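Student: Sharing coords.csv here; it has CSV, C-alpha atoms.
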chain,number,residue,atom,x,y,z
A,1,GLN,CA,-7.9,4.7,-1.5
A,2,VAL,CA,-7.0,7.3,1.0
A,3,GLN,CA,-10.0,9.4,2.2
A,4,PRO,CA,-9.8,12.0,5.0
A,5,VAL,CA,-13.1,12.9,6.6
A,6,GLU,CA,-13.3,15.9,8.9
A,7,SER,CA,-15.7,16.4,11.8
A,8,GLY,CA,-16.1,18.6,14.9
A,9,GLY,CA,-16.7,22.0,13.3
A,10,GLY,CA,-19.4,24.4,14.6
A,11,LEU,CA,-20.2,27.7,16.0
A,12,VAL,CA,-18.3,29.0,19.1
A,13,GLN,CA,-17.8,32.3,20.8
A,14,ALA,CA,-14.5,34.1,20.8
A,15,GLY,CA,-12.2,32.8,23.5
A,16,GLY,CA,-13.8,29.3,23.3
A,17,SER,CA,-12.4,26.0,22.1
A,18,LEU,CA,-13.2,23.3,19.5
A,19,ARG,CA,-11.5,20.1,18.6
A,20,LEU,CA,-11.5,18.9,15.0
A,21,SER,CA,-11.0,15.3,14.1
A,22,CYS,CA,-10.0,13.8,10.8
A,23,ALA,CA,-10.4,10.1,10.2
A,24,VAL,CA,-8.4,8.7,7.4
A,25,SER,CA,-8.8,5.4,5.5
A,26,GLY,CA,-5.7,3.6,4.4
A,27,ARG,CA,-3.6,0.8,5.7
A,28,THR,CA,-0.4,2.7,6.2
A,29,PHE,CA,-1.7,5.8,8.0
A,30,SER,CA,1.2,5.9,10.4
A,31,SER,CA,3.5,6.7,7.5
A,32,TYR,CA,1.4,9.7,6.3
A,33,VAL,CA,2.2,13.3,7.0
A,34,MET,CA,-1.1,15.0,8.0
A,35,GLY,CA,-1.9,18.6,7.7
A,36,TRP,CA,-4.7,21.1,8.5
A,37,PHE,CA,-5.5,24.1,6.2
A,38,ARG,CA,-8.2,26.6,6.3
A,39,LYS,CA,-10.0,28.9,3.9
A,40,ALA,CA,-11.8,32.1,5.0
A,41,HIS,CA,-14.3,33.7,2.7
A,42,GLY,CA,-12.6,35.8,0.1
A,43,LYS,CA,-9.1,34.6,1.0
A,44,GLU,CA,-6.7,31.9,-0.2
A,45,ARG,CA,-6.4,28.6,1.7
A,46,GLU,CA,-3.7,28.9,4.3
A,47,PHE,CA,-1.6,26.5,6.3
A,48,VAL,CA,-2.6,25.8,9.9
A,49,ALA,CA,-0.7,22.8,11.2
A,50,ALA,CA,1.1,19.6,10.2
A,51,ILE,CA,2.3,16.5,12.0
A,52,ARG,CA,4.8,13.9,10.8
A,53,TRP,CA,4.3,10.2,11.0
A,54,SER,CA,6.0,9.8,14.4
A,55,GLY,CA,3.9,12.5,15.9
A,56,GLY,CA,7.0,14.0,17.5
A,57,SER,CA,7.5,16.7,14.9
A,58,THR,CA,4.9,19.4,14.2
A,59,ASN,CA,4.6,22.7,12.4
A,60,TYR,CA,2.2,25.6,12.9
A,61,GLY,CA,1.1,28.7,11.0
A,62,ASP,CA,2.2,31.9,12.7
A,63,SER,CA,-1.4,33.0,13.4
A,64,VAL,CA,-2.2,29.9,15.4
A,65,LYS,CA,1.0,29.2,17.3
A,66,GLY,CA,0.4,28.9,21.0
A,67,ARG,CA,-3.3,28.4,20.6
A,68,PHE,CA,-3.8,25.3,18.4
A,69,THR,CA,-2.3,21.8,18.9
A,70,ILE,CA,-2.2,19.1,16.3
A,71,SER,CA,-1.9,15.5,17.4
A,72,ARG,CA,-2.5,12.0,16.0
A,73,ASP,CA,-3.6,8.6,17.1
A,74,ASN,CA,-2.1,6.1,14.6
A,75,ALA,CA,-4.1,3.2,16.2
A,76,LYS,CA,-7.3,5.0,15.3
A,77,ASN,CA,-6.1,6.5,11.9
A,78,THR,CA,-7.1,9.9,13.2
A,79,VAL,CA,-5.5,13.3,13.4
A,80,TYR,CA,-6.9,16.0,15.7
A,81,LEU,CA,-6.7,19.8,15.9
A,82,GLN,CA,-7.3,21.3,19.3
A,83,MET,CA,-8.2,24.9,18.9
A,84,ASN,CA,-8.2,27.2,22.0
A,85,SER,CA,-8.6,30.9,22.5
A,86,LEU,CA,-10.5,31.1,19.2
A,87,LYS,CA,-10.8,34.4,17.5
A,88,PRO,CA,-13.3,35.7,14.9
A,89,GLU,CA,-10.4,35.6,12.3
A,90,ASP,CA,-10.2,31.8,12.8
A,91,THR,CA,-13.5,31.5,11.0
A,92,GLY,CA,-13.4,29.4,7.9
A,93,VAL,CA,-13.6,26.0,6.3
A,94,TYR,CA,-11.0,23.7,7.8
A,95,TYR,CA,-9.5,21.0,5.6
A,96,CYS,CA,-7.6,17.9,6.5
A,97,ALA,CA,-5.0,16.6,4.1
A,98,ALA,CA,-2.7,13.6,3.7
A,99,ASP,CA,0.7,13.5,2.3
A,100,ILE,CA,1.6,10.0,1.5
A,101,PRO,CA,5.0,8.5,0.4
A,102,PRO,CA,6.9,8.9,-1.8
A,103,TRP,CA,7.1,12.5,-0.7
A,104,ARG,CA,7.7,15.3,-3.1
A,105,LEU,CA,10.3,18.0,-2.5
A,106,VAL,CA,7.6,20.4,-1.3
A,107,ALA,CA,7.4,21.9,2.2
A,108,ILE,CA,4.6,20.4,4.3
A,109,THR,CA,3.4,23.9,4.9
A,110,ASP,CA,2.6,24.1,1.2
A,111,GLU,CA,-0.7,22.6,0.1
A,112,GLY,CA,1.1,21.3,-3.0
A,113,ALA,CA,2.7,18.7,-0.8
A,114,TYR,CA,-0.6,16.9,-0.1
A,115,ASP,CA,-2.2,14.1,-2.1
A,116,TYR,CA,-5.6,13.7,-0.6
A,117,TRP,CA,-8.0,16.2,0.9
A,118,GLY,CA,-11.2,16.0,2.9
A,119,GLN,CA,-14.4,17.9,2.1
A,120,GLY,CA,-13.8,20.4,5.0
A,121,THR,CA,-15.7,21.4,8.1
A,122,GLN,CA,-17.0,24.8,8.9
A,123,VAL,CA,-15.7,26.7,11.9
A,124,THR,CA,-17.4,29.9,12.9
A,125,VAL,CA,-16.2,32.1,15.7
A,126,SER,CA,-18.6,34.8,16.8
A,127,SER,CA,-17.4,38.0,18.5
What does this structure look like when you write it as structure tokens?

Tutor:
Amino acid sequence: QVQPVESGGGLVQAGGSLRLSCAVSGRTFSSYVMGWFRKAHGKEREFVAAIRWSGGSTNYGDSVKGRFTISRDNAKNTVYLQMNSLKPEDTGVYYCAADIPPWRLVAITDEGAYDYWGQGTQVTVSS
């Protein structure tokens, strides 16, 4: 069973930084595509970032480009989201998701591509 578990959320002032972690069970983690999504109150869940199995290919949502960095450590079955220059509009519940093979013909920026989801971790950015 594949189970992502997020950690690292919290309260931070605007301009500050946080690093989220997502530990994933599963023997073939290195083959998974991993993504981060977030959901703000009253809004739909939106794509934040994704990283492919090799770690060399990443995608970012337009609102976080240049501020957030996704990375992974396959030896630790963990994916990270480093968030810098945080803004109040970054507030929300952040979800980690795993896209396992065989992959569907759905873009990894689309939540429909992902098979397993964590419970989420709250990030609150105060102004």

Student: Dump as a ChimeraX atom specification all residues having an atom at most 6 Å from (-7.6, 16.6, -0.9), computed in the file's coordinates with all atoms listed in the file.

Tutor: /A:97,116-118

Student: For Ala107 of chain A, list every protein, DNA or RNA residue within 12 Å, evaluated using all atoms listed in the file, and leave out those in the same chain fewer than 2 positions away; present the list as a list in words.

Tutor: Val33, Gly35, Phe47, Ala50, Asn59, Asp99, Trp103, Arg104, Leu105, Thr109, Asp110, Glu111, Gly112, Ala113 and Tyr114 of chain A

Student: Hey, what's within 6 Å of Lys87 of chain A if we count only C-alpha atoms and toss same-chain stuff fewer than 2 positions away? As an MDAnalysis selection string, please?

Tutor: chainID A and resid 14 89:90

Student: Hey, which bits of segment 45-117 of chain A sit within 10 Å of segment 3-11 of chain A, and for each residue what's the closest pair of atoms and how far apart in Å (one decimal), counting all atoms listed in the file, rows by chain and increasing number, as a Markdown table?

Tutor:
| residue | atom | partner | partner_atom | distance |
| --- | --- | --- | --- | --- |
| A:Asn77 | CA | A:Pro4 | CA | 9.6 |
| A:Thr78 | CA | A:Pro4 | CA | 8.9 |
| A:Val79 | CA | A:Glu6 | CA | 9.4 |
| A:Tyr80 | CA | A:Glu6 | CA | 9.3 |
| A:Leu81 | CA | A:Gly8 | CA | 9.5 |
| A:Thr91 | CA | A:Leu11 | CA | 9.2 |
| A:Gly92 | CA | A:Gly9 | CA | 9.7 |
| A:Val93 | CA | A:Gly9 | CA | 8.6 |
| A:Tyr94 | CA | A:Gly9 | CA | 8.1 |
| A:Tyr95 | CA | A:Glu6 | CA | 7.2 |
| A:Cys96 | CA | A:Pro4 | CA | 6.5 |
| A:Ala97 | CA | A:Pro4 | CA | 6.7 |
| A:Ala98 | CA | A:Pro4 | CA | 7.4 |
| A:Tyr116 | CA | A:Gln3 | CA | 6.8 |
| A:Trp117 | CA | A:Pro4 | CA | 6.1 |

Student: Between atom CA of Ser25 of chain A and atom CA of Gln1 of chain A, what distance in Å does the model show, to one decimal?

Tutor: 7.1 Å
